[in-house]
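The structure under discussion appears below in the form of structure tokens.
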2 protein chains.
Amino acid sequence: MRRQSKVPTLDEILEALERASEFDELQSISEIVRDFFSIDHINYHWVSSSSSPYVCGTHSKAWIARYHEKEYLRVDPVIQGCFQRFHPVDWKRLDWSGKAARALQADAIAHGVGTQGYSVPIRGPNGQFALFTLNHTCSDEEWADFMRRNRCNFLLIAHYFNQKALEFEPERAPELAQSLSPREIDAMTLLAMGYSRAQVAETLSISEHTLRVYIESARYKLGAVNTTNAVARALSRGLIVI
Amino acid sequence: MRRQSKVPTLDEILEALERASEFDELQSISEIVRDFFSIDHINYHWVSSSSSPYVCGTHSKAWIARYHEKEYLRVDPVIQGCFQRFHPVDWKRLDWSGKAARALQADAIAHGVGTQGYSVPIRGPNGQFALFTLNHTCSDEEWADFMRRNRCNFLLIAHYFNQKALEFEPERAPELAQSLSPREIDAMTLLAMGYSRAQVAETLSISEHTLRVYIESARYKLGAVNTTNAVARALSRGLIVI
DNA sequence: CTCTCCATCGCCATTTCTGGGGAGTGAAAT
DNA sequence: ATTTCACTCCCCAGAAATGGCGATGGAGAG
């Protein structure tokens, strides 16, 4: 048994994650994970621009502040690339050709993020989306080899981090019970597909007025101020899919 | 090394999953996984009401057919429970009190599904959702102990199954879109947040006419027919976040 | 047996979008 | 150096969405 040794096993790290009862613990576990894998940085980032940022990891405070200040979230190829993928992705495989993306990249390296990156997308209920990211400075070959050996571990650690984040932020998904009725889902889906109200009403074989009741009702349930916002909220909560 | 033995290691199972190139292979790997864990059933189920069902595993064809015939999808507490959760869930912890749910439960047991169940929710891009389920007939204590020991493995296997399913259904993946300009992203984001055009224009400190040019331009790039559709597409492609 | 929620229908006035024109600047890319 | 593209500004008229009023019947839950 290695229980007494200074370096914990992966299982012990997962257990520690499971036992964590407050945010600060995640922060210190981040450092343990980083040391365990002997890499420069690990970072957990719950991606959402509307609510307060939810980040923990070993990146410098300066970098995190700058990331928000510059609103890099909007142009980050890591975010955009991972959002469309299921599988974790090496940063080298992303598209950094945009001007804003290159600026972000240079800024990140200047802030000591590292030259190599690997991000695991994680998704929870209601369209929740987070990234678990590893960073290091080393050769491409070393990095690829390291990833080959450890990516399963990263999947698990990412999962545990996200589980805790969801636990600590229950207000993120509170009025989930307010799901939409089947007709409301139909209406929202067709609207998201670009149908006008008249077309939706015809498609659903109901009067346009009835349709409006559904839209209003969905809008109310979603706390949206107009149809576009209702569709956006329904989409980002995973209530509809287009 | 157990490489030569008849029973594969978990790593070998994951490798086999990774190598799989067609649907039928997943079916046979399901049986290997079932035997590996010595349980009654394992099942991978891509949950989607719109497209054709996507199921593989060791449940009987009769049960799968009945599940669809009876439209149990709509009332299944496993689906409803897992859809709202991030963490895998034991079927005992779900709410089986509804009339339809109890009928489903009785029907499932009659079809040999087993008395114990454990389902892992998995989510991919664009609201993709799937379940990886384990079933067995044994005591609650045995089941709980088995799950404690193996749930990390199930997370990984579920992930690999889903990865393959997504690979085999490429039409679900949206074409990687050309990105929007910063101003277009601003416009789409604010529209998604429910701002009217006048409000967006004021927020961005531009004329409403200019704003319209951005919206039109984004709409064209996204292949959208109207603003709501453009916002929906931008959201589901991860170009904007709200 | 209520009570809530879902599904369905109607009218009117006002606000907001949409689609059709056109035009000039500066920065980046080829 | 020429082209491309992002960004900015302007007008108008018709189409579409919104807000507020109200109503009936049925299914399921407590």
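By order in the structure tokens, chains are A, B, ...; within a chain, residues start at 1; ligands start at 1, following the order shown.
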Could I get chain B fitted onto chain A (least squares, all C-alpha atoms, in order) as an mmCIF file with C-alpha atoms, in the first residue's frame?
```cif
data_model
loop_
_atom_site.group_PDB
_atom_site.id
_atom_site.type_symbol
_atom_site.label_atom_id
_atom_site.label_comp_id
_atom_site.auth_asym_id
_atom_site.auth_seq_id
_atom_site.Cartn_x
_atom_site.Cartn_y
_atom_site.Cartn_z
ATOM 1 C CA MET B 1 -2.201 -1.443 -1.466
ATOM 2 C CA ARG B 2 -0.861 2.061 -1.817
ATOM 3 C CA ARG B 3 -3.391 3.585 0.493
ATOM 4 C CA GLN B 4 -0.774 4.474 3.065
ATOM 5 C CA SER B 5 1.767 5.888 0.644
ATOM 6 C CA LYS B 6 2.210 9.638 0.220
ATOM 7 C CA VAL B 7 1.363 9.541 -3.473
ATOM 8 C CA PRO B 8 -2.372 8.866 -3.887
ATOM 9 C CA THR B 9 -3.765 6.580 -6.542
ATOM 10 C CA LEU B 10 -5.857 7.904 -9.367
ATOM 11 C CA ASP B 11 -8.953 6.446 -7.758
ATOM 12 C CA GLU B 12 -8.170 8.312 -4.583
ATOM 13 C CA ILE B 13 -7.812 11.524 -6.513
ATOM 14 C CA LEU B 14 -11.199 10.968 -8.132
ATOM 15 C CA GLU B 15 -12.702 10.198 -4.749
ATOM 16 C CA ALA B 16 -11.206 13.369 -3.326
ATOM 17 C CA LEU B 17 -12.691 15.328 -6.204
ATOM 18 C CA GLU B 18 -16.035 13.766 -5.550
ATOM 19 C CA ARG B 19 -15.906 14.668 -1.873
ATOM 20 C CA ALA B 20 -14.784 18.254 -2.420
ATOM 21 C CA SER B 21 -17.295 20.667 -0.969
ATOM 22 C CA GLU B 22 -15.763 24.031 -1.721
ATOM 23 C CA PHE B 23 -13.752 25.781 -4.347
ATOM 24 C CA ASP B 24 -10.486 25.921 -2.419
ATOM 25 C CA GLU B 25 -10.362 22.154 -2.313
ATOM 26 C CA LEU B 26 -10.283 22.000 -6.092
ATOM 27 C CA GLN B 27 -7.280 24.270 -5.996
ATOM 28 C CA SER B 28 -5.315 21.938 -3.736
ATOM 29 C CA ILE B 29 -6.453 18.872 -5.626
ATOM 30 C CA SER B 30 -5.079 20.526 -8.768
ATOM 31 C CA GLU B 31 -1.667 20.482 -7.188
ATOM 32 C CA ILE B 32 -2.016 16.851 -6.210
ATOM 33 C CA VAL B 33 -2.985 15.972 -9.782
ATOM 34 C CA ARG B 34 -0.030 17.902 -11.137
ATOM 35 C CA ASP B 35 2.349 16.073 -8.825
ATOM 36 C CA PHE B 36 0.707 12.757 -9.560
ATOM 37 C CA PHE B 37 1.515 13.100 -13.239
ATOM 38 C CA SER B 38 4.794 14.946 -12.622
ATOM 39 C CA ILE B 39 4.007 17.714 -15.037
ATOM 40 C CA ASP B 40 4.373 21.465 -14.828
ATOM 41 C CA HIS B 41 0.754 22.563 -14.774
ATOM 42 C CA ILE B 42 -2.825 21.487 -14.796
ATOM 43 C CA ASN B 43 -5.667 23.928 -15.133
ATOM 44 C CA TYR B 44 -9.450 23.842 -15.117
ATOM 45 C CA HIS B 45 -11.097 26.785 -16.861
ATOM 46 C CA TRP B 46 -14.838 27.334 -17.145
ATOM 47 C CA VAL B 47 -15.092 29.393 -20.315
ATOM 48 C CA SER B 48 -17.746 32.031 -20.167
ATOM 49 C CA SER B 49 -17.587 35.551 -21.400
ATOM 50 C CA SER B 50 -20.688 36.749 -19.588
ATOM 51 C CA SER B 51 -20.141 35.625 -16.025
ATOM 52 C CA SER B 52 -17.085 35.942 -13.844
ATOM 53 C CA PRO B 53 -14.118 33.760 -14.749
ATOM 54 C CA TYR B 54 -13.959 30.418 -13.058
ATOM 55 C CA VAL B 55 -10.438 29.069 -13.031
ATOM 56 C CA CYS B 56 -8.486 26.793 -10.798
ATOM 57 C CA GLY B 57 -5.188 25.089 -11.264
ATOM 58 C CA THR B 58 -1.495 25.578 -10.938
ATOM 59 C CA HIS B 59 -0.918 28.424 -13.367
ATOM 60 C CA SER B 60 0.511 31.527 -11.733
ATOM 61 C CA LYS B 61 -1.873 34.237 -10.602
ATOM 62 C CA ALA B 62 0.105 36.651 -12.734
ATOM 63 C CA TRP B 63 -0.610 34.665 -15.872
ATOM 64 C CA ILE B 64 -4.304 34.308 -15.120
ATOM 65 C CA ALA B 65 -4.582 38.023 -14.440
ATOM 66 C CA ARG B 66 -2.745 38.843 -17.629
ATOM 67 C CA TYR B 67 -4.883 36.464 -19.645
ATOM 68 C CA HIS B 68 -7.948 38.356 -18.566
ATOM 69 C CA GLU B 69 -6.432 41.783 -18.770
ATOM 70 C CA LYS B 70 -5.384 41.206 -22.360
ATOM 71 C CA GLU B 71 -8.687 39.486 -23.153
ATOM 72 C CA TYR B 72 -6.799 36.566 -24.635
ATOM 73 C CA LEU B 73 -10.025 34.596 -24.324
ATOM 74 C CA ARG B 74 -11.183 36.185 -27.549
ATOM 75 C CA VAL B 75 -8.199 35.151 -29.628
ATOM 76 C CA ASP B 76 -6.970 32.006 -27.895
ATOM 77 C CA PRO B 77 -6.650 29.206 -30.485
ATOM 78 C CA VAL B 78 -7.052 26.713 -27.649
ATOM 79 C CA ILE B 79 -10.504 28.039 -26.871
ATOM 80 C CA GLN B 80 -11.502 28.326 -30.497
ATOM 81 C CA GLY B 81 -10.108 24.956 -31.425
ATOM 82 C CA CYS B 82 -11.590 23.076 -28.501
ATOM 83 C CA PHE B 83 -14.951 24.750 -28.872
ATOM 84 C CA GLN B 84 -15.372 23.173 -32.296
ATOM 85 C CA ARG B 85 -14.030 19.786 -31.316
ATOM 86 C CA PHE B 86 -15.178 16.939 -29.219
ATOM 87 C CA HIS B 87 -11.864 15.230 -28.854
ATOM 88 C CA PRO B 88 -9.087 16.570 -26.638
ATOM 89 C CA VAL B 89 -6.426 18.309 -28.622
ATOM 90 C CA ASP B 90 -2.708 18.801 -28.481
ATOM 91 C CA TRP B 91 -1.815 22.465 -28.704
ATOM 92 C CA LYS B 92 0.615 21.724 -31.514
ATOM 93 C CA ARG B 93 -2.296 20.767 -33.757
ATOM 94 C CA LEU B 94 -3.973 24.146 -33.373
ATOM 95 C CA ASP B 95 -3.596 27.112 -35.652
ATOM 96 C CA TRP B 96 -1.163 29.582 -34.087
ATOM 97 C CA SER B 97 -0.560 31.510 -37.285
ATOM 98 C CA GLY B 98 -2.604 34.575 -36.396
ATOM 99 C CA LYS B 99 -0.795 37.607 -35.089
ATOM 100 C CA ALA B 100 -2.767 37.720 -31.848
ATOM 101 C CA ALA B 101 -2.326 33.976 -31.354
ATOM 102 C CA ARG B 102 1.443 34.170 -31.658
ATOM 103 C CA ALA B 103 1.542 37.048 -29.191
ATOM 104 C CA LEU B 104 -0.509 34.991 -26.762
ATOM 105 C CA GLN B 105 1.789 32.005 -27.230
ATOM 106 C CA ALA B 106 4.913 34.008 -26.560
ATOM 107 C CA ASP B 107 3.323 35.628 -23.544
ATOM 108 C CA ALA B 108 2.230 32.267 -22.159
ATOM 109 C CA ILE B 109 5.698 30.768 -22.474
ATOM 110 C CA ALA B 110 7.173 33.863 -20.855
ATOM 111 C CA HIS B 111 4.823 33.281 -17.932
ATOM 112 C CA GLY B 112 6.032 29.728 -17.466
ATOM 113 C CA VAL B 113 3.044 27.936 -18.907
ATOM 114 C CA GLY B 114 5.306 25.513 -20.756
ATOM 115 C CA THR B 115 5.981 24.548 -24.332
ATOM 116 C CA GLN B 116 3.602 21.610 -24.482
ATOM 117 C CA GLY B 117 -0.114 21.788 -23.987
ATOM 118 C CA TYR B 118 -3.057 19.408 -24.120
ATOM 119 C CA SER B 119 -6.636 20.514 -23.542
ATOM 120 C CA VAL B 120 -9.765 18.495 -22.905
ATOM 121 C CA PRO B 121 -13.034 20.225 -23.838
ATOM 122 C CA ILE B 122 -15.945 19.514 -21.513
ATOM 123 C CA ARG B 123 -19.551 20.500 -22.033
ATOM 124 C CA GLY B 124 -22.433 20.689 -19.626
ATOM 125 C CA PRO B 125 -26.086 21.624 -19.912
ATOM 126 C CA ASN B 126 -27.106 25.022 -21.319
ATOM 127 C CA GLY B 127 -24.033 25.476 -23.406
ATOM 128 C CA GLN B 128 -21.711 25.304 -20.459
ATOM 129 C CA PHE B 129 -18.165 24.866 -21.681
ATOM 130 C CA ALA B 130 -14.917 24.317 -19.889
ATOM 131 C CA LEU B 131 -11.360 23.286 -20.593
ATOM 132 C CA PHE B 132 -9.107 21.013 -18.648
ATOM 133 C CA THR B 133 -5.549 21.689 -19.661
ATOM 134 C CA LEU B 134 -2.182 20.030 -19.061
ATOM 135 C CA ASN B 135 1.105 21.818 -19.630
ATOM 136 C CA HIS B 136 4.718 20.770 -19.546
ATOM 137 C CA THR B 137 8.084 21.536 -21.005
ATOM 138 C CA CYS B 138 9.566 18.537 -22.753
ATOM 139 C CA SER B 139 10.211 17.084 -26.194
ATOM 140 C CA ASP B 140 7.383 16.363 -28.588
ATOM 141 C CA GLU B 141 8.086 12.632 -28.387
ATOM 142 C CA GLU B 142 7.968 12.500 -24.607
ATOM 143 C CA TRP B 143 4.759 14.523 -24.615
ATOM 144 C CA ALA B 144 3.060 12.364 -27.206
ATOM 145 C CA ASP B 145 4.013 9.229 -25.347
ATOM 146 C CA PHE B 146 2.807 10.655 -22.047
ATOM 147 C CA MET B 147 -0.526 11.572 -23.596
ATOM 148 C CA ARG B 148 -0.994 8.203 -25.205
ATOM 149 C CA ARG B 149 -0.628 6.599 -21.824
ATOM 150 C CA ASN B 150 -2.740 9.007 -19.802
ATOM 151 C CA ARG B 151 -5.438 10.632 -21.861
ATOM 152 C CA CYS B 152 -8.197 8.390 -20.510
ATOM 153 C CA ASN B 153 -7.275 9.483 -17.024
ATOM 154 C CA PHE B 154 -7.429 13.097 -18.088
ATOM 155 C CA LEU B 155 -10.884 12.601 -19.515
ATOM 156 C CA LEU B 156 -12.058 11.298 -16.188
ATOM 157 C CA ILE B 157 -10.373 13.973 -14.120
ATOM 158 C CA ALA B 158 -11.741 16.665 -16.404
ATOM 159 C CA HIS B 159 -15.210 15.208 -15.966
ATOM 160 C CA TYR B 160 -14.936 15.229 -12.194
ATOM 161 C CA PHE B 161 -13.584 18.757 -12.097
ATOM 162 C CA ASN B 162 -16.457 19.980 -14.211
ATOM 163 C CA GLN B 163 -18.990 18.143 -12.146
ATOM 164 C CA LYS B 164 -17.795 19.974 -9.054
ATOM 165 C CA ALA B 165 -17.678 23.310 -10.803
ATOM 166 C CA LEU B 166 -21.307 22.874 -11.851
ATOM 167 C CA GLU B 167 -22.210 21.911 -8.304
ATOM 168 C CA PHE B 168 -20.552 25.009 -6.916
ATOM 169 C CA GLU B 169 -22.331 27.299 -9.398
ATOM 170 C CA PRO B 170 -25.896 26.182 -8.995
ATOM 171 C CA GLU B 171 -27.302 29.427 -10.285
ATOM 172 C CA ARG B 172 -26.238 28.302 -13.735
ATOM 173 C CA ALA B 173 -28.622 25.362 -13.552
ATOM 174 C CA PRO B 174 -32.116 26.254 -14.638
ATOM 175 C CA GLU B 175 -34.931 25.392 -12.330
ATOM 176 C CA LEU B 176 -36.366 22.089 -13.429
ATOM 177 C CA ALA B 177 -39.393 23.303 -15.273
ATOM 178 C CA GLN B 178 -42.863 21.913 -15.323
ATOM 179 C CA SER B 179 -43.209 20.103 -18.555
ATOM 180 C CA LEU B 180 -45.345 21.186 -21.435
ATOM 181 C CA SER B 181 -48.410 19.343 -22.683
ATOM 182 C CA PRO B 182 -47.975 17.284 -25.874
ATOM 183 C CA ARG B 183 -49.744 19.874 -27.957
ATOM 184 C CA GLU B 184 -47.651 22.646 -26.469
ATOM 185 C CA ILE B 185 -44.536 20.657 -27.278
ATOM 186 C CA ASP B 186 -45.744 20.204 -30.839
ATOM 187 C CA ALA B 187 -46.417 23.904 -31.150
ATOM 188 C CA MET B 188 -43.078 24.956 -29.665
ATOM 189 C CA THR B 189 -41.192 22.465 -31.786
ATOM 190 C CA LEU B 190 -42.744 23.592 -35.031
ATOM 191 C CA LEU B 191 -42.251 27.233 -34.115
ATOM 192 C CA ALA B 192 -38.612 26.488 -33.353
ATOM 193 C CA MET B 193 -38.354 24.919 -36.793
ATOM 194 C CA GLY B 194 -39.353 28.254 -38.255
ATOM 195 C CA TYR B 195 -42.993 27.629 -39.108
ATOM 196 C CA SER B 196 -45.286 30.615 -38.909
ATOM 197 C CA ARG B 197 -48.358 30.344 -36.742
ATOM 198 C CA ALA B 198 -50.507 29.704 -39.787
ATOM 199 C CA GLN B 199 -48.239 26.889 -40.913
ATOM 200 C CA VAL B 200 -48.102 25.352 -37.452
ATOM 201 C CA ALA B 201 -51.877 25.441 -37.183
ATOM 202 C CA GLU B 202 -52.212 23.772 -40.557
ATOM 203 C CA THR B 203 -49.600 21.153 -39.715
ATOM 204 C CA LEU B 204 -51.323 20.313 -36.468
ATOM 205 C CA SER B 205 -54.729 20.465 -38.150
ATOM 206 C CA ILE B 206 -56.112 22.928 -35.636
ATOM 207 C CA SER B 207 -57.318 26.467 -35.948
ATOM 208 C CA GLU B 208 -54.826 29.230 -35.553
ATOM 209 C CA HIS B 209 -56.763 30.445 -32.541
ATOM 210 C CA THR B 210 -56.353 27.157 -30.781
ATOM 211 C CA LEU B 211 -52.705 27.238 -31.571
ATOM 212 C CA ARG B 212 -52.487 30.627 -29.948
ATOM 213 C CA VAL B 213 -53.914 29.218 -26.766
ATOM 214 C CA TYR B 214 -51.123 26.628 -26.694
ATOM 215 C CA ILE B 215 -48.482 29.202 -27.343
ATOM 216 C CA GLU B 216 -49.855 31.457 -24.622
ATOM 217 C CA SER B 217 -50.062 28.551 -22.249
ATOM 218 C CA ALA B 218 -46.510 27.424 -22.969
ATOM 219 C CA ARG B 219 -45.321 30.986 -22.670
ATOM 220 C CA TYR B 220 -46.921 31.261 -19.251
ATOM 221 C CA LYS B 221 -45.505 27.938 -18.051
ATOM 222 C CA LEU B 222 -42.060 28.866 -19.222
ATOM 223 C CA GLY B 223 -42.207 32.344 -17.766
ATOM 224 C CA ALA B 224 -41.467 33.728 -21.204
ATOM 225 C CA VAL B 225 -42.346 37.181 -22.438
ATOM 226 C CA ASN B 226 -42.900 36.282 -26.088
ATOM 227 C CA THR B 227 -42.881 33.389 -28.506
ATOM 228 C CA THR B 228 -39.202 33.605 -29.337
ATOM 229 C CA ASN B 229 -38.337 33.604 -25.665
ATOM 230 C CA ALA B 230 -40.642 30.668 -25.020
ATOM 231 C CA VAL B 231 -39.010 28.664 -27.777
ATOM 232 C CA ALA B 232 -35.570 29.585 -26.477
ATOM 233 C CA ARG B 233 -36.445 28.526 -22.952
ATOM 234 C CA ALA B 234 -38.071 25.302 -24.067
ATOM 235 C CA LEU B 235 -34.949 24.489 -26.058
ATOM 236 C CA SER B 236 -32.470 25.278 -23.363
ATOM 237 C CA ARG B 237 -34.453 23.270 -20.840
ATOM 238 C CA GLY B 238 -34.491 20.326 -23.159
ATOM 239 C CA LEU B 239 -38.269 20.311 -23.404
ATOM 240 C CA ILE B 240 -38.074 20.367 -27.164
ATOM 241 C CA VAL B 241 -35.432 19.178 -29.593
ATOM 242 C CA ILE B 242 -34.845 20.405 -33.120
#
```
Residues near DT25 (chain C), cut-off 12 Å, only C-alpha atoms (C1' of nucleotides), skip fewer than 3 positions along chain, as a PDB file with all heavy atoms, in the first residue's frame:
```pdb
ATOM      1  P    DA D   6     -15.288  39.530 -43.333  1.00  0.00           P
ATOM      2  OP1  DA D   6     -15.319  38.181 -42.714  1.00  0.00           O
ATOM      3  OP2  DA D   6     -16.407  39.979 -44.171  1.00  0.00           O
ATOM      4  O5'  DA D   6     -15.074  40.595 -42.164  1.00  0.00           O
ATOM      5  C5'  DA D   6     -13.804  40.698 -41.524  1.00  0.00           C
ATOM      6  C4'  DA D   6     -13.706  42.043 -40.829  1.00  0.00           C
ATOM      7  O4'  DA D   6     -13.531  43.081 -41.810  1.00  0.00           O
ATOM      8  C3'  DA D   6     -14.959  42.420 -40.023  1.00  0.00           C
ATOM      9  O3'  DA D   6     -14.552  43.040 -38.805  1.00  0.00           O
ATOM     10  C2'  DA D   6     -15.677  43.403 -40.929  1.00  0.00           C
ATOM     11  C1'  DA D   6     -14.514  44.084 -41.628  1.00  0.00           C
ATOM     12  N9   DA D   6     -14.845  44.606 -42.952  1.00  0.00           N
ATOM     13  C8   DA D   6     -15.461  43.943 -43.975  1.00  0.00           C
ATOM     14  N7   DA D   6     -15.628  44.666 -45.054  1.00  0.00           N
ATOM     15  C5   DA D   6     -15.081  45.896 -44.712  1.00  0.00           C
ATOM     16  C6   DA D   6     -14.954  47.102 -45.423  1.00  0.00           C
ATOM     17  N6   DA D   6     -15.377  47.276 -46.669  1.00  0.00           N
ATOM     18  N1   DA D   6     -14.355  48.140 -44.782  1.00  0.00           N
ATOM     19  C2   DA D   6     -13.927  47.966 -43.534  1.00  0.00           C
ATOM     20  N3   DA D   6     -13.997  46.882 -42.760  1.00  0.00           N
ATOM     21  C4   DA D   6     -14.593  45.876 -43.425  1.00  0.00           C
ATOM     22  P    DC D   7     -15.668  43.388 -37.734  1.00  0.00           P
ATOM     23  OP1  DC D   7     -14.975  43.326 -36.437  1.00  0.00           O
ATOM     24  OP2  DC D   7     -16.865  42.550 -37.988  1.00  0.00           O
ATOM     25  O5'  DC D   7     -16.055  44.903 -38.028  1.00  0.00           O
ATOM     26  C5'  DC D   7     -15.056  45.924 -37.903  1.00  0.00           C
ATOM     27  C4'  DC D   7     -15.611  47.243 -38.422  1.00  0.00           C
ATOM     28  O4'  DC D   7     -15.773  47.166 -39.848  1.00  0.00           O
ATOM     29  C3'  DC D   7     -17.005  47.616 -37.886  1.00  0.00           C
ATOM     30  O3'  DC D   7     -16.858  48.652 -36.923  1.00  0.00           O
ATOM     31  C2'  DC D   7     -17.780  48.082 -39.116  1.00  0.00           C
ATOM     32  C1'  DC D   7     -16.716  48.146 -40.199  1.00  0.00           C
ATOM     33  N1   DC D   7     -17.199  47.826 -41.582  1.00  0.00           N
ATOM     34  C2   DC D   7     -17.158  48.818 -42.551  1.00  0.00           C
ATOM     35  O2   DC D   7     -16.703  49.931 -42.258  1.00  0.00           O
ATOM     36  N3   DC D   7     -17.604  48.538 -43.802  1.00  0.00           N
ATOM     37  C4   DC D   7     -18.074  47.326 -44.094  1.00  0.00           C
ATOM     38  N4   DC D   7     -18.492  47.106 -45.340  1.00  0.00           N
ATOM     39  C5   DC D   7     -18.115  46.297 -43.113  1.00  0.00           C
ATOM     40  C6   DC D   7     -17.685  46.590 -41.884  1.00  0.00           C
ATOM     41  P    DT D   8     -18.105  49.113 -36.082  1.00  0.00           P
ATOM     42  OP1  DT D   8     -17.568  49.777 -34.881  1.00  0.00           O
ATOM     43  OP2  DT D   8     -19.024  47.967 -35.965  1.00  0.00           O
ATOM     44  O5'  DT D   8     -18.808  50.220 -36.976  1.00  0.00           O
ATOM     45  C5'  DT D   8     -18.182  51.489 -37.155  1.00  0.00           C
ATOM     46  C4'  DT D   8     -18.757  52.223 -38.337  1.00  0.00           C
ATOM     47  O4'  DT D   8     -18.609  51.445 -39.543  1.00  0.00           O
ATOM     48  C3'  DT D   8     -20.262  52.476 -38.311  1.00  0.00           C
ATOM     49  O3'  DT D   8     -20.542  53.608 -37.510  1.00  0.00           O
ATOM     50  C2'  DT D   8     -20.552  52.786 -39.787  1.00  0.00           C
ATOM     51  C1'  DT D   8     -19.408  52.084 -40.524  1.00  0.00           C
ATOM     52  N1   DT D   8     -19.885  51.062 -41.488  1.00  0.00           N
ATOM     53  C2   DT D   8     -20.090  51.456 -42.775  1.00  0.00           C
ATOM     54  O2   DT D   8     -19.889  52.594 -43.167  1.00  0.00           O
ATOM     55  N3   DT D   8     -20.556  50.468 -43.609  1.00  0.00           N
ATOM     56  C4   DT D   8     -20.824  49.162 -43.276  1.00  0.00           C
ATOM     57  O4   DT D   8     -21.238  48.369 -44.123  1.00  0.00           O
ATOM     58  C5   DT D   8     -20.583  48.805 -41.909  1.00  0.00           C
ATOM     59  C7   DT D   8     -20.843  47.416 -41.437  1.00  0.00           C
ATOM     60  C6   DT D   8     -20.126  49.775 -41.087  1.00  0.00           C
ATOM     61  P    DC D   9     -21.986  53.971 -37.083  1.00  0.00           P
ATOM     62  OP1  DC D   9     -21.888  55.072 -36.121  1.00  0.00           O
ATOM     63  OP2  DC D   9     -22.683  52.719 -36.730  1.00  0.00           O
ATOM     64  O5'  DC D   9     -22.660  54.520 -38.419  1.00  0.00           O
ATOM     65  C5'  DC D   9     -22.291  55.808 -38.941  1.00  0.00           C
ATOM     66  C4'  DC D   9     -22.952  56.022 -40.288  1.00  0.00           C
ATOM     67  O4'  DC D   9     -22.626  54.922 -41.148  1.00  0.00           O
ATOM     68  C3'  DC D   9     -24.480  56.032 -40.245  1.00  0.00           C
ATOM     69  O3'  DC D   9     -24.954  57.360 -40.161  1.00  0.00           O
ATOM     70  C2'  DC D   9     -24.879  55.421 -41.587  1.00  0.00           C
ATOM     71  C1'  DC D   9     -23.577  54.927 -42.190  1.00  0.00           C
ATOM     72  N1   DC D   9     -23.690  53.546 -42.720  1.00  0.00           N
ATOM     73  C2   DC D   9     -23.940  53.357 -44.076  1.00  0.00           C
ATOM     74  O2   DC D   9     -24.052  54.354 -44.809  1.00  0.00           O
ATOM     75  N3   DC D   9     -24.073  52.095 -44.574  1.00  0.00           N
ATOM     76  C4   DC D   9     -23.948  51.059 -43.754  1.00  0.00           C
ATOM     77  N4   DC D   9     -24.083  49.844 -44.280  1.00  0.00           N
ATOM     78  C5   DC D   9     -23.696  51.224 -42.365  1.00  0.00           C
ATOM     79  C6   DC D   9     -23.577  52.471 -41.890  1.00  0.00           C
TER      80       DC D   9
END
```
Please, which residues of region 118-225 of chain A, numbered as in this document, come out alpha helix (DSSP H) from DSSP, as a count of residues only?
63
Computed interatomic separation between C1' of DC21 (chain D) and C1' of DA7 (chain C) (Å):
19.5 Å
Where in region 4-208 of chain B does DSSP assign strand (DSSP E or B), given as a VMD selection string?
chain B and resid 41 to 46 54 to 57 89 to 90 116 to 123 129 to 136
Record the distance separating C1' of DG25 (chain D) and C1' of DC11 (chain C), expressed in Å with one decimal.
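Going from C1' of DG25 (chain D) over to C1' of DC11 (chain C) covers 21.3 Å.
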Residue list for chain C near chain A as number ranges by chain, 8 Å, only C-alpha atoms (C1' of nucleotides):
C: 6, 8-10
File of the preceding selection, C-alpha atoms (C1' of nucleotides), as a PDB file, in the first residue's frame:
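That gives us part.pdb:
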```
ATOM      1  C1'  DC C   6     -51.905  21.126 -21.509  1.00  0.00           C
ATOM      2  C1'  DT C   8     -56.908  24.491 -28.739  1.00  0.00           C
ATOM      3  C1'  DC C   9     -59.243  28.812 -30.832  1.00  0.00           C
ATOM      4  C1'  DG C  10     -60.104  34.545 -31.667  1.00  0.00           C
TER       5       DG C  10
END
```
Taking 6 positions as the minimum chain separation for residues in the same chain, which residues sit within 10 Å of DG19 (chain C) when counting only C-alpha atoms (C1' of nucleotides)? Answer as a ChimeraX atom specification.
/D:13-15
Tell me, as a PyMOL selection string, which residues lie within 10 Å of DA29 (chain C), counting only C-alpha atoms (C1' of nucleotides); anything in the same chain fewer than 4 positions away does not count.
chain D and resi 3-5
Any idea what the distance is between C1' of DC12 (chain D) and C1' of DA13 (chain C)?
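According to the coordinates, C1' of DC12 (chain D) and C1' of DA13 (chain C) are separated by 21.8 Å.
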